[in-house]
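Chemist: The file below is final_39.cif, mmCIF, C-alpha atoms:
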```cif
data_structure
loop_
_atom_site.label_atom_id
_atom_site.label_comp_id
_atom_site.auth_asym_id
_atom_site.auth_seq_id
_atom_site.Cartn_x
_atom_site.Cartn_y
_atom_site.Cartn_z
CA MET A 1 17.32 87.97 106.58
CA GLY A 2 15.80 85.84 109.36
CA ASN A 3 13.56 82.82 109.06
CA ALA A 4 10.78 84.83 107.42
CA GLY A 5 13.19 86.09 104.80
CA PHE A 6 14.38 82.60 103.98
CA GLN A 7 10.76 81.43 103.81
CA SER A 8 9.94 84.18 101.28
CA LEU A 9 12.99 83.27 99.24
CA LEU A 10 12.10 79.57 99.16
CA ASN A 11 8.48 80.31 98.26
CA ALA A 12 9.74 81.93 95.06
CA LEU A 13 11.61 78.79 93.98
CA PRO A 14 9.90 76.53 91.39
CA LEU A 15 11.48 73.43 92.99
CA PRO A 16 11.34 71.91 96.49
CA GLY A 17 13.65 73.94 98.74
CA LEU A 18 14.51 74.20 102.42
CA ALA A 19 16.93 76.08 104.72
CA ILE A 20 19.03 74.56 107.51
CA ASP A 21 20.77 76.52 110.29
CA LEU A 22 23.93 75.70 112.25
CA ASP A 23 21.85 73.93 114.92
CA ASP A 24 20.87 71.41 112.20
CA ARG A 25 17.27 72.60 112.27
CA ILE A 26 15.11 73.10 109.19
CA ILE A 27 14.13 76.76 109.63
CA ALA A 28 12.17 77.23 106.37
CA ALA A 29 10.66 75.09 103.60
CA ASN A 30 8.42 75.84 100.65
CA ALA A 31 5.20 73.98 99.84
CA ASP A 32 6.91 71.61 97.39
CA ALA A 33 9.46 70.60 100.02
CA ARG A 34 6.73 69.99 102.60
CA ALA A 35 4.82 67.88 100.07
CA LEU A 36 8.01 65.88 99.51
CA LEU A 37 9.24 65.47 103.10
CA GLY A 38 6.14 66.09 105.20
CA ASP A 39 4.18 69.04 106.60
CA GLN A 40 5.86 68.92 110.02
CA ILE A 41 9.47 69.42 108.95
CA ILE A 42 9.93 73.00 110.24
CA GLU A 43 12.11 73.09 113.37
CA ARG A 44 12.90 69.39 112.94
CA SER A 45 16.47 68.10 112.62
CA TYR A 46 17.47 67.58 108.98
CA ILE A 47 19.31 64.43 110.06
CA ALA A 48 16.03 62.82 111.17
CA MET A 49 14.15 64.00 108.07
CA LEU A 50 16.64 63.17 105.29
CA ARG A 51 18.58 60.22 106.75
CA GLN A 52 20.53 59.25 103.61
CA PRO A 53 24.35 59.35 104.10
CA ASP A 54 25.25 61.17 100.86
CA ILE A 55 23.02 64.17 101.43
CA LEU A 56 23.83 64.32 105.16
CA HIS A 57 27.57 64.38 104.37
CA SER A 58 27.12 67.14 101.77
CA ILE A 59 25.13 69.34 104.15
CA GLU A 60 27.66 68.86 106.95
CA ALA A 61 30.59 69.64 104.63
CA THR A 62 28.90 72.78 103.25
CA GLN A 63 28.19 73.98 106.80
CA ALA A 64 31.88 73.53 107.63
CA ASP A 65 33.56 75.14 104.61
CA GLY A 66 30.82 77.08 102.79
CA GLU A 67 31.56 75.34 99.47
CA ASN A 68 28.77 74.59 96.99
CA ARG A 69 27.98 70.91 96.51
CA THR A 70 25.62 68.72 94.50
CA THR A 71 24.46 65.33 95.67
CA ARG A 72 21.56 62.91 95.17
CA TYR A 73 18.54 61.99 97.19
CA VAL A 74 16.17 59.05 96.60
CA HIS A 75 12.60 59.51 97.74
CA THR A 76 10.39 56.42 98.06
CA ASP A 77 6.62 56.70 98.21
CA ILE A 78 4.35 53.62 97.97
CA GLY A 79 7.05 51.62 96.21
CA GLN A 80 7.74 54.39 93.68
CA GLU A 81 11.29 55.78 93.70
CA THR A 82 12.04 59.35 92.63
CA LEU A 83 15.64 60.46 92.17
CA PHE A 84 16.57 64.07 92.96
CA SER A 85 19.69 66.06 92.26
CA VAL A 86 20.18 68.20 95.38
CA SER A 87 22.11 71.48 95.32
CA CYS A 88 23.66 72.57 98.63
CA ARG A 89 24.45 76.30 98.84
CA ALA A 90 25.76 78.24 101.83
CA VAL A 91 24.30 81.67 102.70
CA VAL A 92 25.79 83.82 105.47
CA ASP A 93 23.07 85.54 107.51
CA ALA A 94 24.05 87.76 110.45
CA GLY A 95 27.34 85.94 110.75
CA ASP A 96 25.76 82.48 110.76
CA THR A 97 25.88 80.00 107.88
CA VAL A 98 22.55 78.76 106.56
CA VAL A 99 22.51 75.93 104.01
CA ILE A 100 19.90 76.16 101.26
CA LEU A 101 18.87 72.86 99.64
CA CYS A 102 17.12 72.69 96.26
CA PHE A 103 15.71 69.37 94.96
CA GLU A 104 15.51 68.78 91.19
CA ASP A 105 13.69 65.66 89.95
CA ILE A 106 16.02 63.83 87.54
CA THR A 107 14.15 60.53 87.43
CA HIS A 108 13.28 60.97 83.75
CA VAL A 109 16.95 61.53 82.90
CA THR A 110 18.06 58.31 84.57
CA GLN A 111 15.15 56.42 83.02
CA THR A 112 16.15 57.65 79.55
CA SER A 113 19.74 56.59 80.17
CA GLN A 114 18.57 53.18 81.34
CA MET A 115 16.40 52.81 78.22
CA ARG A 116 19.44 53.56 76.05
CA ARG A 117 21.53 50.99 77.92
CA ASP A 118 18.77 48.39 77.65
CA PHE A 119 18.37 49.11 73.95
CA VAL A 120 22.10 48.67 73.26
CA ALA A 121 22.13 45.49 75.34
CA ASN A 122 19.12 44.10 73.45
CA VAL A 123 20.58 44.91 70.04
CA SER A 124 23.90 43.35 71.04
CA HIS A 125 22.13 40.22 72.23
CA GLU A 126 20.01 39.96 69.09
CA LEU A 127 23.09 40.28 66.84
CA ARG A 128 25.38 38.09 68.92
CA THR A 129 23.34 34.91 68.40
CA PRO A 130 23.41 34.86 64.57
CA LEU A 131 27.00 36.14 64.52
CA THR A 132 28.10 33.34 66.82
CA ALA A 133 26.33 30.81 64.60
CA LEU A 134 27.96 32.22 61.46
CA MET A 135 31.42 32.19 63.01
CA GLY A 136 30.94 28.63 64.20
CA PHE A 137 29.81 27.35 60.79
CA ILE A 138 32.63 29.20 59.01
CA GLU A 139 35.15 27.59 61.34
CA THR A 140 33.58 24.16 60.74
CA LEU A 141 33.54 24.61 56.96
CA ARG A 142 37.20 25.59 56.99
CA GLY A 143 38.11 22.70 59.26
CA PRO A 144 36.34 19.36 59.94
CA ALA A 145 33.75 19.77 57.15
CA LYS A 146 36.18 21.16 54.59
CA ASN A 147 35.63 18.29 52.15
CA ASP A 148 32.11 17.30 53.22
CA ALA A 149 29.83 18.42 50.33
CA PRO A 150 26.48 17.55 52.02
CA ALA A 151 27.59 19.45 55.15
CA HIS A 152 28.50 22.43 52.95
CA ASP A 153 24.98 22.68 51.57
CA ARG A 154 23.35 22.24 54.98
CA PHE A 155 25.59 24.73 56.77
CA LEU A 156 25.40 27.32 53.99
CA GLY A 157 21.61 27.16 54.17
CA ILE A 158 21.71 27.83 57.92
CA MET A 159 24.25 30.62 57.42
CA GLN A 160 22.01 32.26 54.85
CA SER A 161 19.08 32.07 57.26
CA GLU A 162 21.13 33.68 60.05
CA ALA A 163 22.42 36.40 57.70
CA GLU A 164 18.86 37.15 56.58
CA ARG A 165 17.83 37.40 60.22
CA MET A 166 20.56 39.98 60.86
CA ASN A 167 19.53 41.86 57.74
CA ARG A 168 15.90 42.00 58.93
CA LEU A 169 17.04 43.24 62.33
CA VAL A 170 19.22 45.98 60.86
CA GLY A 171 16.41 46.98 58.50
CA ASP A 172 13.91 47.21 61.36
CA LEU A 173 16.38 49.20 63.49
CA LEU A 174 16.83 51.71 60.68
CA SER A 175 13.07 51.86 60.16
CA LEU A 176 12.48 52.39 63.90
CA SER A 177 15.05 55.18 63.99
CA GLN A 178 13.39 56.87 61.01
CA VAL A 179 9.84 56.70 62.34
CA GLU A 180 10.96 57.94 65.77
CA SER A 181 12.66 60.96 64.21
CA ASP A 182 9.55 61.71 62.10
CA GLU A 183 7.02 61.08 64.86
CA ARG A 184 6.42 64.76 65.65
CA VAL A 185 6.02 65.73 62.00
CA ARG A 186 2.42 65.15 60.96
CA PRO A 187 2.00 63.87 57.38
CA THR A 188 0.02 66.09 55.01
CA ASP A 189 -0.71 63.92 51.96
CA ASN A 190 -4.29 62.78 51.38
CA VAL A 191 -4.42 58.99 51.50
CA CYS A 192 -7.33 56.66 50.80
CA VAL A 193 -7.25 54.09 53.61
CA ASP A 194 -9.16 51.36 51.79
CA ALA A 195 -6.87 51.63 48.74
CA VAL A 196 -3.77 51.17 50.93
CA LEU A 197 -5.41 48.24 52.73
CA LEU A 198 -6.37 46.48 49.50
CA SER A 199 -2.87 47.01 48.09
CA THR A 200 -1.32 45.55 51.24
CA ILE A 201 -3.64 42.53 51.23
CA HIS A 202 -2.82 41.86 47.57
CA SER A 203 0.93 41.95 48.21
CA ILE A 204 0.79 39.76 51.32
CA LYS A 205 -1.65 37.18 49.90
CA PRO A 206 1.10 34.80 48.72
CA VAL A 207 2.39 34.65 52.30
CA ALA A 208 -1.11 33.86 53.56
CA ASP A 209 -1.60 31.19 50.89
CA ALA A 210 1.69 29.54 51.83
CA ALA A 211 0.57 29.44 55.47
CA GLY A 212 -2.87 28.10 54.57
CA VAL A 213 -4.60 31.24 55.83
CA ASN A 214 -7.56 32.89 54.09
CA ILE A 215 -7.75 36.68 54.30
CA GLU A 216 -11.33 37.93 54.53
CA THR A 217 -12.32 41.57 54.10
CA ASP A 218 -15.24 43.48 55.57
CA PHE A 219 -15.30 47.09 54.39
CA SER A 220 -18.44 48.76 55.74
CA ASP A 221 -17.30 52.09 54.33
CA SER A 222 -15.06 53.16 51.49
CA GLU A 223 -13.25 56.25 50.19
CA LEU A 224 -12.10 57.16 53.68
CA ILE A 225 -9.48 59.88 53.25
CA ILE A 226 -6.93 60.73 55.94
CA ALA A 227 -3.84 62.94 56.18
CA GLY A 228 -1.15 60.31 56.02
CA ASP A 229 1.99 58.74 54.62
CA ALA A 230 0.94 55.90 52.31
CA ASP A 231 4.25 54.01 52.63
CA GLN A 232 4.21 54.12 56.42
CA LEU A 233 0.55 53.08 56.58
CA ARG A 234 1.34 50.19 54.25
CA GLN A 235 4.12 49.22 56.68
CA VAL A 236 1.64 49.28 59.58
CA PHE A 237 -0.89 47.09 57.79
CA THR A 238 1.83 44.73 56.54
CA ASN A 239 3.14 44.30 60.10
CA LEU A 240 -0.29 43.67 61.60
CA ILE A 241 -1.63 41.38 58.86
CA GLY A 242 1.72 39.57 58.70
CA ASN A 243 1.65 38.98 62.46
CA ALA A 244 -1.94 37.72 62.25
CA ILE A 245 -0.87 35.22 59.60
CA LYS A 246 2.23 34.10 61.51
CA TYR A 247 0.83 33.81 65.00
CA GLY A 248 -2.83 33.13 64.25
CA SER A 249 -2.41 30.65 61.39
CA SER A 250 -3.94 27.88 63.52
CA GLY A 251 -7.30 29.64 63.08
CA GLY A 252 -7.06 29.31 59.30
CA ARG A 253 -8.33 32.83 58.55
CA VAL A 254 -7.68 36.50 59.15
CA THR A 255 -10.34 39.21 58.92
CA VAL A 256 -9.49 42.76 57.85
CA SER A 257 -12.32 45.22 58.46
CA LEU A 258 -12.73 48.93 57.80
CA LYS A 259 -15.48 51.25 58.93
CA ARG A 260 -16.12 54.90 59.68
CA LEU A 261 -16.61 56.05 63.26
CA LYS A 262 -18.78 59.14 63.52
CA ARG A 263 -16.78 60.70 66.33
CA GLU A 264 -13.86 59.81 68.56
CA ALA A 265 -13.11 62.01 71.56
CA PHE A 266 -9.32 62.05 71.10
CA ALA A 267 -9.67 63.18 67.46
CA ARG A 268 -12.65 65.48 68.04
CA GLY A 269 -14.18 64.19 64.87
CA PRO A 270 -14.77 61.17 62.62
CA CYS A 271 -12.19 58.41 62.34
CA ALA A 272 -11.39 55.35 60.28
CA LEU A 273 -11.33 52.10 62.27
CA ILE A 274 -9.17 49.32 60.83
CA GLN A 275 -9.30 45.97 62.61
CA ILE A 276 -7.11 42.94 61.88
CA THR A 277 -8.44 39.84 63.62
CA ASP A 278 -7.00 36.34 63.75
CA TYR A 279 -8.63 33.26 65.22
CA GLY A 280 -5.54 31.51 66.55
CA ASP A 281 -4.22 30.81 70.03
CA GLY A 282 -4.60 34.36 71.33
CA ILE A 283 -2.37 36.19 73.80
CA ASP A 284 -2.50 36.08 77.58
CA GLU A 285 -3.75 39.45 78.83
CA VAL A 286 -0.67 39.85 81.05
CA HIS A 287 1.40 40.45 77.89
CA LEU A 288 -0.90 43.00 76.21
CA PRO A 289 0.43 46.20 77.86
CA ARG A 290 4.01 45.38 76.80
CA LEU A 291 3.50 44.18 73.23
CA THR A 292 4.65 47.47 71.67
CA GLU A 293 7.91 47.57 73.67
CA ARG A 294 11.05 47.14 71.63
CA PHE A 295 12.26 43.51 71.58
CA TYR A 296 9.38 42.30 73.76
CA ARG A 297 8.16 38.87 72.70
CA VAL A 298 5.40 36.67 74.10
CA ASP A 299 7.20 33.53 72.91
CA ASP A 300 10.84 34.33 72.27
CA HIS A 301 11.77 31.07 70.56
CA ARG A 302 8.67 30.94 68.36
CA SER A 303 9.04 34.57 67.31
CA ARG A 304 12.64 34.05 66.19
CA ALA A 305 11.71 30.83 64.39
CA LEU A 306 9.03 32.76 62.46
CA GLY A 307 11.48 35.52 61.52
CA GLY A 308 10.35 38.13 64.04
CA THR A 309 12.77 40.81 65.25
CA GLY A 310 10.70 42.06 68.18
CA LEU A 311 10.49 45.55 66.64
CA GLY A 312 7.45 45.35 64.36
CA LEU A 313 4.85 46.53 66.87
CA ALA A 314 7.16 49.25 68.21
CA ILE A 315 7.48 50.60 64.67
CA THR A 316 3.72 50.31 64.20
CA LYS A 317 3.04 52.27 67.41
CA HIS A 318 5.32 55.15 66.38
CA ILE A 319 3.78 55.37 62.90
CA VAL A 320 0.25 55.40 64.34
CA ASN A 321 1.33 58.11 66.80
CA ARG A 322 2.72 60.18 63.93
CA HIS A 323 -0.71 59.99 62.27
CA ARG A 324 -2.31 61.17 65.56
CA GLY A 325 -4.10 57.84 65.79
CA ARG A 326 -4.52 55.10 68.37
CA LEU A 327 -3.41 51.44 68.42
CA LYS A 328 -5.65 49.15 70.47
CA ILE A 329 -4.96 45.48 71.19
CA SER A 330 -7.42 42.94 72.54
CA SER A 331 -7.11 39.19 72.84
CA VAL A 332 -8.71 36.17 74.44
CA LYS A 333 -6.47 33.22 75.19
CA GLY A 334 -7.46 30.42 72.83
CA ALA A 335 -9.83 32.58 70.79
CA GLY A 336 -7.60 34.90 68.75
CA SER A 337 -6.52 38.54 68.79
CA THR A 338 -7.66 41.85 67.32
CA PHE A 339 -5.34 44.75 66.53
CA ALA A 340 -7.27 47.95 65.88
CA VAL A 341 -5.92 51.16 64.36
CA VAL A 342 -8.00 54.32 64.70
CA LEU A 343 -7.02 57.19 62.38
CA PRO A 344 -8.59 60.67 62.18
CA ILE A 345 -10.39 61.34 58.89
CA SER A 346 -9.54 64.54 57.04
CA ALA A 347 -12.18 67.23 57.18
#
```
Once more with this new file: its structure as structure tokens, please.

Modeler:
Amino acid sequence: MGNAGFQSLLNALPLPGLAIDLDDRIIAANADARALLGDQIIERSYIAMLRQPDILHSIEATQADGENRTTRYVHTDIGQETLFSVSCRAVVDAGDTVVILCFEDITHVTQTSQMRRDFVANVSHELRTPLTALMGFIETLRGPAKNDAPAHDRFLGIMQSEAERMNRLVGDLLSLSQVESDERVRPTDNVCVDAVLLSTIHSIKPVADAAGVNIETDFSDSELIIAGDADQLRQVFTNLIGNAIKYGSSGGRVTVSLKRLKREAFARGPCALIQITDYGDGIDEVHLPRLTERFYRVDDHRSRALGGTGLGLAITKHIVNRHRGRLKISSVKGAGSTFAVVLPISA
């Protein structure tokens, strides 16, 4: 086959690939491999170019016995790590063994696995705290406080609060699972945005009154119809207005505005802009990019004390994505926050 033959073979591969002869020289490499390892790798020793023990051992072993092997290679570029699964295959050419390497990027696979592990760890942590409290109070009520009536009332109240917290968490987990599974299915019902907003405000008003917060409305436009799921949109607005009441109550008011945008580039047409603004303490800008991550909280203790599960904005993001919309968050520390939802209007 010769070096030219190996070069032609590697050029046809859709992944980075290179060939190594028995003198440990790289005799051929396609453009993807050169982009990965450098333009000057031809005729260089693979030991100097690859360096990592696992891949060096696999190449050496395949040269010796001709067996196929798979190993891993970590490429670092400007602090960014990329993980490759590397296939080592032996090819006999004119009596000599040439090892063909093929690099497959599996970074996304490992990242997905890590996300699953993190999610399980977070759920376990969130459930362990109330469960530990419940077990402790049950043990106390059955032991030292068995005949202490005032303690019974106090502990049962705390136990109820912890049980309600677990119930909220399980409910949000189920809701998150549902919206994630539906995210690629675009809703087809015609929904009047202002009607859903007004309905949500009416149902959440008692919560605002109890917190001493006045909900103000500013609807520049009305009868804005979108293709949507009314229940999911109500969940979005409930989450956002509820958060504004909880975390922005120090401002004493929340503004809900609605207007029509003539054209948004992402939607290639008109959109409905819904903005929920509070006038509370605001959020440090360092937290803004991570607010929609599952279980991410700006103030962990305060969020739990206010009944937050850390999943509300993650659910909101997935619902907005399902409606082919955009969620935008802006905030000024000490001057409040605005959560904006942009939804394409039906033609």

Chemist: Report as an NGL selection string the residues that result from applying the PyMOL selection byres ((chain A and resi 22) around 7) to the structure here.

Modeler: :A and (20-21 or 23-24 or 97-98)

Chemist: Can those selected residues be exported to a file as a PDB file, in the coordinates of the input so that it contains C-alpha atoms?

Modeler:
```pdb
ATOM      1  CA  ILE A  20      19.030  74.560 107.510  1.00  0.00           C
ATOM      2  CA  ASP A  21      20.770  76.520 110.290  1.00  0.00           C
ATOM      3  CA  ASP A  23      21.850  73.930 114.920  1.00  0.00           C
ATOM      4  CA  ASP A  24      20.870  71.410 112.200  1.00  0.00           C
ATOM      5  CA  THR A  97      25.880  80.000 107.880  1.00  0.00           C
ATOM      6  CA  VAL A  98      22.550  78.760 106.560  1.00  0.00           C
TER       7      VAL A  98
END
```

Chemist: When distances are computed from all atoms listed in the file, which of A:Gly251, A:Gly228, A:Gly325, A:Pro14 shows the smallest separation from A:Ile215?

Modeler: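 Among A:Gly251, A:Gly228, A:Gly325, A:Pro14, it is A:Gly251 that comes nearest to A:Ile215.
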
Chemist: Applying 7 Å and only C-alpha atoms, which residues near A:Ala33 remain after dropping the ones on its own chain fewer than 5 positions away? List them as a list in words.

Modeler: Pro16, Gly17 and Leu18 of chain A

Chemist: What is the atom CA of A:Leu83-atom CA of A:Val109 distance in Å, reported with one decimal?

Modeler: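 Taking atom CA of A:Leu83 as the start and atom CA of A:Val109 as the end point, the length is 9.4 Å.
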
Chemist: Name the closest residue to A:Gln232 among the candidates A:Cys102, A:Val254, A:Leu291, A:Ile319; distances are taken between atoms, counting all atoms listed in the file.

Modeler: A:Ile319

Chemist: Which of these, A:Tyr296, A:Tyr279, A:Phe103, A:Tyr46, has the shortest distance to A:Thr70 once you count all atoms listed in the file?

Modeler: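 Checking each of A:Tyr296, A:Tyr279, A:Phe103, A:Tyr46 against A:Thr70, counting all atoms listed in the file, the winner is A:Phe103.
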
Chemist: Please determine, counting only C-alpha atoms, which residue among A:Gly336, A:Gly310, A:Gly136, A:Gly171 has the shortest atom-to-atom distance to A:Thr277.

Modeler: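 Between A:Gly336, A:Gly310, A:Gly136, A:Gly171, the residue approaching A:Thr277 most closely is A:Gly336.
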
Chemist: With the file shown as input, list the residues that the PyMOL selection byres ((chain A and resi 202) around 12) selects, as a ChimeraX atom specification.

Modeler: /A:195-201,203-209,215-217,234,237-238,241

Chemist: Take the residues just selected and output them with C-alpha atoms as a CSV table (one decimal), in the frame of the given file.

Modeler:
```csv
chain,number,residue,atom,x,y,z
A,195,ALA,CA,-6.9,51.6,48.7
A,196,VAL,CA,-3.8,51.2,50.9
A,197,LEU,CA,-5.4,48.2,52.7
A,198,LEU,CA,-6.4,46.5,49.5
A,199,SER,CA,-2.9,47.0,48.1
A,200,THR,CA,-1.3,45.6,51.2
A,201,ILE,CA,-3.6,42.5,51.2
A,203,SER,CA,0.9,42.0,48.2
A,204,ILE,CA,0.8,39.8,51.3
A,205,LYS,CA,-1.6,37.2,49.9
A,206,PRO,CA,1.1,34.8,48.7
A,207,VAL,CA,2.4,34.6,52.3
A,208,ALA,CA,-1.1,33.9,53.6
A,209,ASP,CA,-1.6,31.2,50.9
A,215,ILE,CA,-7.8,36.7,54.3
A,216,GLU,CA,-11.3,37.9,54.5
A,217,THR,CA,-12.3,41.6,54.1
A,234,ARG,CA,1.3,50.2,54.2
A,237,PHE,CA,-0.9,47.1,57.8
A,238,THR,CA,1.8,44.7,56.5
A,241,ILE,CA,-1.6,41.4,58.9
```

Chemist: What residues come out when you apply the PyMOL selection byres ((chain A and resi 85) around 8) to this file, written as a PyMOL selection string?

Modeler: chain A and resi 70-73+83-84+86-87+103-106

Chemist: Have a look at atom CA of A:Asn11 and atom CA of A:Ile78 and let me know their distance in Å, one decimal.

Modeler: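 Atom CA of A:Ile78 lies at a distance of 27.0 Å from atom CA of A:Asn11.
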
Chemist: Between A:Val74, A:Leu36, A:Ala64, A:Ile329, which one has atoms that come closest to A:Arg51, using only C-alpha atoms?

Modeler: A:Val74

Chemist: Could you check how far atom CA of A:Thr316 sits from atom CA of A:Glu183, in Å to one decimal?

Modeler: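 For atom CA of A:Thr316 relative to atom CA of A:Glu183, the distance reads 11.3 Å.
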
Chemist: Taking 5 positions as the minimum chain separation for residues in the same chain, which residues sit within 10 Å of A:Leu327 when counting all atoms listed in the file? Answer as a CSV table (one decimal) with C-alpha atoms, in the coordinates of the input.

Modeler:
```csv
chain,number,residue,atom,x,y,z
A,274,ILE,CA,-9.2,49.3,60.8
A,275,GLN,CA,-9.3,46.0,62.6
A,292,THR,CA,4.6,47.5,71.7
A,313,LEU,CA,4.8,46.5,66.9
A,316,THR,CA,3.7,50.3,64.2
A,317,LYS,CA,3.0,52.3,67.4
A,318,HIS,CA,5.3,55.2,66.4
A,319,ILE,CA,3.8,55.4,62.9
A,320,VAL,CA,0.2,55.4,64.3
A,321,ASN,CA,1.3,58.1,66.8
A,339,PHE,CA,-5.3,44.8,66.5
A,340,ALA,CA,-7.3,48.0,65.9
A,341,VAL,CA,-5.9,51.2,64.4
A,342,VAL,CA,-8.0,54.3,64.7
A,343,LEU,CA,-7.0,57.2,62.4
```

Chemist: Under the rule that all atoms listed in the file are counted, which of A:Asn30, A:Ala94, A:Leu37, A:Ala48 is the nearest residue to A:Gly2?

Modeler: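 Result for the nearest residue to A:Gly2: A:Ala94.
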
Chemist: Write out as a PDB file with C-alpha atoms, in the frame of the given file which residues come within 10 Å of A:Asn190 when counting only C-alpha atoms, dropping same-chain ones fewer than 3 positions away.

Modeler:
```pdb
ATOM      1  CA  PRO A 187       2.000  63.870  57.380  1.00  0.00           C
ATOM      2  CA  VAL A 193      -7.250  54.090  53.610  1.00  0.00           C
ATOM      3  CA  LEU A 224     -12.100  57.160  53.680  1.00  0.00           C
ATOM      4  CA  ILE A 225      -9.480  59.880  53.250  1.00  0.00           C
ATOM      5  CA  ILE A 226      -6.930  60.730  55.940  1.00  0.00           C
ATOM      6  CA  ALA A 227      -3.840  62.940  56.180  1.00  0.00           C
ATOM      7  CA  GLY A 228      -1.150  60.310  56.020  1.00  0.00           C
ATOM      8  CA  ASP A 229       1.990  58.740  54.620  1.00  0.00           C
ATOM      9  CA  ALA A 230       0.940  55.900  52.310  1.00  0.00           C
ATOM     10  CA  ILE A 345     -10.390  61.340  58.890  1.00  0.00           C
ATOM     11  CA  SER A 346      -9.540  64.540  57.040  1.00  0.00           C
TER      12      SER A 346
END
```

Chemist: Using all atoms listed in the file, determine which residues lie at most 12 Å from A:Val170, disregarding the query and same-chain residues fewer than 2 positions distant; provide the list as a list in words.

Modeler: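 Residues meeting the cut-off are Val123, Ser124, Glu126, Leu127, Ala163, Glu164, Arg165, Met166, Asn167, Arg168, Asp172, Leu173, Leu174, Ser175, Leu176, Ser177, Thr309, Gly310 and Leu311 of chain A.
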
Chemist: Near A:Arg44, counting all atoms listed in the file, which residues have an atom at most 9 Å away, once you skip same-chain residues fewer than 6 positions from it, shown as an MDAnalysis selection string?

Modeler: chainID A and resid 24:27

Chemist: Counting all atoms listed in the file, note down every residue that has an atom within 8 Å of the point (-9.0, 30.1, 66.7) (file coordinates), as a PDB file with C-alpha atoms, in the frame of the given file.

Modeler:
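Produced file point.pdb, reproduced below:
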```pdb
ATOM      1  CA  GLY A 248      -2.830  33.130  64.250  1.00  0.00           C
ATOM      2  CA  SER A 250      -3.940  27.880  63.520  1.00  0.00           C
ATOM      3  CA  GLY A 251      -7.300  29.640  63.080  1.00  0.00           C
ATOM      4  CA  GLY A 252      -7.060  29.310  59.300  1.00  0.00           C
ATOM      5  CA  ASP A 278      -7.000  36.340  63.750  1.00  0.00           C
ATOM      6  CA  TYR A 279      -8.630  33.260  65.220  1.00  0.00           C
ATOM      7  CA  GLY A 280      -5.540  31.510  66.550  1.00  0.00           C
ATOM      8  CA  ASP A 281      -4.220  30.810  70.030  1.00  0.00           C
ATOM      9  CA  GLY A 282      -4.600  34.360  71.330  1.00  0.00           C
ATOM     10  CA  GLY A 334      -7.460  30.420  72.830  1.00  0.00           C
ATOM     11  CA  ALA A 335      -9.830  32.580  70.790  1.00  0.00           C
ATOM     12  CA  GLY A 336      -7.600  34.900  68.750  1.00  0.00           C
TER      13      GLY A 336
END
```
